[in-house]
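See below for start03.txt, which holds compact mmCIF, C-alpha atoms.
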# COMPACT_ATOMS: atom_id res chain seq x y z
CA MET I 1 -96.06 -69.54 109.34
CA SER I 2 -94.60 -72.83 110.45
CA ALA I 3 -92.45 -75.53 108.94
CA LYS I 4 -95.44 -77.83 109.41
CA TRP I 5 -97.46 -75.71 106.94
CA ASN I 6 -94.59 -75.83 104.43
CA ASP I 7 -94.43 -79.62 104.80
CA ARG I 8 -98.18 -79.79 104.19
CA VAL I 9 -97.81 -77.68 101.05
CA ALA I 10 -94.91 -79.83 99.80
CA ALA I 11 -96.89 -83.04 100.39
CA TYR I 12 -99.91 -81.50 98.66
CA LEU I 13 -97.77 -80.57 95.64
CA ASP I 14 -96.35 -84.11 95.47
CA GLU I 15 -99.86 -85.58 95.41
CA LEU I 16 -101.17 -82.96 92.97
CA GLU I 17 -98.27 -83.58 90.61
CA LEU I 18 -99.07 -87.31 90.62
CA VAL I 19 -102.71 -86.57 89.74
CA ALA I 20 -101.69 -84.10 87.01
CA THR I 21 -99.24 -86.62 85.56
CA LYS I 22 -101.92 -89.32 85.60
CA ILE I 23 -104.28 -87.01 83.70
CA ASP I 24 -101.57 -86.10 81.19
CA GLU I 25 -100.62 -89.75 80.58
CA THR I 26 -104.27 -90.75 80.19
CA VAL I 27 -104.80 -88.03 77.60
CA ASP I 28 -101.70 -89.34 75.77
CA ARG I 29 -103.13 -92.87 75.75
CA LEU I 30 -106.51 -91.59 74.57
CA GLN I 31 -104.86 -89.77 71.70
CA VAL I 32 -102.96 -92.86 70.59
CA GLU I 33 -105.91 -95.20 71.03
CA THR I 34 -108.24 -92.89 69.15
CA ILE I 35 -106.00 -93.52 66.17
CA GLN I 36 -105.18 -97.21 66.68
CA PHE I 37 -107.86 -98.98 68.69
CA GLY I 38 -111.57 -99.41 69.19
CA ALA I 39 -114.23 -98.09 71.52
CA ASP I 40 -113.56 -100.53 74.38
CA GLU I 41 -110.00 -99.34 74.92
CA ILE I 42 -111.03 -95.72 74.57
CA ASN I 43 -113.87 -96.13 77.07
CA ALA I 44 -111.49 -97.71 79.59
CA HIS I 45 -109.17 -94.72 79.39
CA VAL I 46 -112.05 -92.26 79.56
CA ALA I 47 -113.08 -93.98 82.82
CA LYS I 48 -109.50 -93.59 84.12
CA LEU I 49 -109.58 -89.94 83.14
CA GLN I 50 -112.84 -89.45 85.02
CA GLU I 51 -111.29 -91.05 88.13
CA ALA I 52 -108.27 -88.76 87.88
CA LEU I 53 -110.54 -85.72 87.53
CA VAL I 54 -112.37 -86.73 90.72
CA GLU I 55 -108.96 -86.91 92.44
CA LEU I 56 -108.20 -83.43 91.12
CA GLU I 57 -111.47 -82.14 92.61
CA VAL I 58 -110.44 -83.59 95.98
CA LYS I 59 -107.10 -81.80 95.67
CA ILE I 60 -108.88 -78.49 95.06
CA VAL I 61 -110.79 -78.91 98.33
CA GLU I 62 -107.55 -79.82 100.09
CA ARG I 63 -105.86 -76.71 98.69
CA GLU I 64 -108.63 -74.53 100.12
CA GLU I 65 -108.08 -76.10 103.54
CA ILE I 66 -104.34 -75.43 103.32
CA LEU I 67 -104.95 -71.82 102.25
CA LYS I 68 -107.34 -71.21 105.17
CA SER I 69 -105.09 -72.90 107.71
CA PRO I 70 -104.21 -70.69 110.70
CA GLU I 71 -100.55 -71.59 110.08
CA ALA I 72 -100.63 -70.11 106.55
CA PRO I 73 -99.11 -66.71 105.85
CA PRO I 74 -101.85 -64.06 105.98
CA ALA I 75 -100.99 -62.29 102.71
CA GLY I 76 -102.04 -63.77 99.38
CA LEU I 77 -104.98 -65.60 97.86
CA SER I 78 -103.12 -68.55 96.35
CA LEU I 79 -100.39 -70.87 97.58
CA THR I 80 -97.93 -69.22 95.22
CA GLN I 81 -98.76 -65.72 96.48
CA LYS I 82 -98.59 -66.79 100.13
CA LEU I 83 -95.26 -68.52 99.62
CA LYS I 84 -93.70 -65.66 97.65
CA GLY I 85 -94.90 -63.18 100.26
CA THR I 86 -92.72 -64.68 103.00
CA ARG I 87 -89.52 -63.85 101.12
CA HIS I 88 -87.80 -67.04 102.32
CA THR I 89 -85.68 -69.10 99.95
CA ASP I 90 -87.39 -72.41 100.75
CA ASP I 91 -90.79 -70.81 100.27
CA ALA I 92 -89.71 -69.35 96.94
CA ARG I 93 -88.71 -72.86 95.79
CA LEU I 94 -92.12 -74.18 96.82
CA ALA I 95 -93.79 -71.29 94.99
CA LYS I 96 -91.82 -72.13 91.86
CA ARG I 97 -92.93 -75.75 92.19
CA CYS I 98 -96.55 -74.58 92.52
CA GLU I 99 -96.18 -72.73 89.24
CA SER I 100 -94.61 -75.78 87.58
CA VAL I 101 -97.46 -78.07 88.65
CA SER I 102 -99.96 -75.42 87.59
CA HIS I 103 -98.45 -75.35 84.09
CA LEU I 104 -98.57 -79.15 83.93
CA ILE I 105 -102.29 -79.04 84.73
CA MET I 106 -102.97 -76.25 82.23
CA ASP I 107 -101.13 -78.14 79.47
CA ALA I 108 -103.04 -81.34 80.21
CA HIS I 109 -106.31 -79.38 80.15
CA GLN I 110 -105.52 -77.79 76.80
CA ARG I 111 -104.52 -81.15 75.29
CA ALA I 112 -107.65 -82.85 76.62
CA VAL I 113 -109.95 -80.16 75.24
CA SER I 114 -108.18 -80.28 71.87
CA LEU I 115 -108.48 -84.06 71.75
CA PHE I 116 -112.17 -84.05 72.57
CA VAL I 117 -112.94 -81.28 70.08
CA CYS I 118 -111.16 -83.29 67.38
CA GLN I 119 -113.05 -86.44 68.38
CA TYR I 120 -116.33 -84.52 68.22
CA HIS I 121 -115.63 -83.43 64.66
CA LEU I 122 -114.32 -86.85 63.59
CA LEU I 123 -117.41 -88.52 65.00
CA ASP I 124 -119.62 -86.54 62.64
CA PHE I 125 -117.18 -86.57 59.70
CA ASN I 126 -118.93 -89.35 57.73
CA THR I 127 -122.27 -87.59 58.03
CA GLU I 128 -120.76 -84.32 56.83
CA ILE I 129 -119.19 -86.03 53.80
CA VAL I 130 -122.51 -87.64 52.86
CA GLN I 131 -124.31 -84.29 53.27
CA LEU I 132 -121.72 -82.62 51.05
CA LEU I 133 -122.11 -85.29 48.38
CA VAL I 134 -125.91 -85.09 48.32
CA GLY I 135 -125.96 -81.30 48.44
CA SER I 136 -127.49 -80.96 51.88
CA ALA I 137 -126.79 -77.77 53.83
CA LEU I 138 -124.64 -78.31 56.91
CA PRO I 139 -125.79 -76.94 60.27
CA ALA I 140 -123.57 -74.61 62.25
CA THR I 141 -120.97 -76.42 64.34
CA TYR I 142 -122.21 -77.38 67.84
CA ASP I 143 -125.78 -76.34 67.00
CA ALA I 144 -127.75 -79.55 67.16
CA SER I 145 -131.04 -77.68 66.82
CA ALA I 146 -130.15 -76.18 63.44
CA ARG I 147 -132.47 -77.23 60.64
CA ARG I 148 -131.00 -79.22 57.81
CA THR I 149 -132.25 -78.16 54.43
CA ASN I 150 -131.93 -80.53 51.56
CA ALA I 151 -131.15 -79.29 48.10
CA PRO I 152 -132.32 -81.43 45.23
CA GLY I 153 -130.28 -84.70 45.39
CA GLY I 154 -126.89 -85.15 43.85
CA GLY I 155 -125.41 -81.83 44.99
CA LEU I 156 -121.69 -81.92 44.38
CA PHE I 157 -121.87 -84.60 41.69
CA ASN I 158 -124.66 -82.83 39.76
CA GLU I 159 -122.74 -79.55 39.82
CA SER I 160 -119.51 -81.12 38.64
CA ALA I 161 -121.21 -83.10 35.87
If you convert what's in this file into structure tokens, what do you get?
Amino acid sequence: MSAKWNDRVAAYLDELELVATKIDETVDRLQVETIQFGADEINAHVAKLQEALVELEVKIVEREEILKSPEAPPAGLSLTQKLKGTRHTDDARLAKRCESVSHLIMDAHQRAVSLFVCQYHLLDFNTEIVQLLVGSALPATYDASARRTNAPGGGLFNESA
């Protein structure tokens, strides 16, 4: 393994961290704007998020090239494993940084999924309230093909009266 490979890994981690931070910040803005603003602002940030995800895909391809490089340590399937396998202090620091960036990406992923699941449910919230009020059966979540059966009108109000 050469110092050139380590430099390549360090540069890759710098770039990956920038992409991960961009994704995380965009998810933050989406969360705030979902509460405060309209569709135009949200759509602009969704477009930025899509761009950042394309950058992340490019980084995945780049990581594969780094892993398969002839200069890379032979043992290990991931950058972290390869770096830890050398048992050098500088490599251990890089491995720790790999783990840190990995956690940043995982956290951003979890927050993005949570945000979009909440938005999905909020989007249909008005319809669900109306169905509850008129006594209509609700379909199973995420099952768009479920049949909606209508009870005789009035539902909740008729029962409470």
Q) Smallest atom-to-atom distance to Asn6 (chain I): which of I:Leu53, I:Val46, I:Ile105, I:Ile66, using only C-alpha atoms? A) I:Ile66
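Put simply, CA of Leu83 (chain I) is 5.6 Å away from CA of Ala95 (chain I).
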**Q.** Atom pair CA of Phe116 (chain I) / CA of Gln31 (chain I): separation (Å)
**A.** 9.3 Å
Q | Residue nearest Lys59 (chain I) - candidates I:Val19, I:Arg97, I:His103, I:Trp5, atoms counted: all atoms listed in the file | A | I:Val19
Q) Nearest to Cys118 (chain I) among I:Leu30, I:Ala11, I:His45, I:Ala75, with distances taken over all atoms listed in the file: which residue is it? A) I:Leu30
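You can rank I:Glu64, I:Leu104, I:Thr127, I:Ser114 by their closest distance to Val9 (chain I) using only C-alpha atoms, and at the top of that list sits I:Glu64.
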**Q.** Distance in Å - CA of Cys98 (chain I) versus CA of Asp7 (chain I)
**A.** 13.4 Å
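Minimum atom-to-atom distances from I:Glu71, I:Asp28, I:Glu99, I:Glu17 to Leu56 (chain I) were compared using only C-alpha atoms, and the lowest value belongs to I:Glu17.
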Write out as a CSV table (one decimal) with C-alpha atoms, in the frame of the given file which residues come within 10 Å of Leu18 (chain I) when counting all atoms listed in the file, dropping same-chain ones fewer than 6 positions away.
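Full text of part16.csv as output:
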chain,number,residue,atom,x,y,z
I,12,TYR,CA,-99.9,-81.5,98.7
I,24,ASP,CA,-101.6,-86.1,81.2
I,52,ALA,CA,-108.3,-88.8,87.9
I,56,LEU,CA,-108.2,-83.4,91.1
I,101,VAL,CA,-97.5,-78.1,88.6
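Across I:Val113, I:Leu94, I:Leu49, I:Ala10, the tightest approach to Arg29 (chain I) is made by I:Leu49 when counting only C-alpha atoms.
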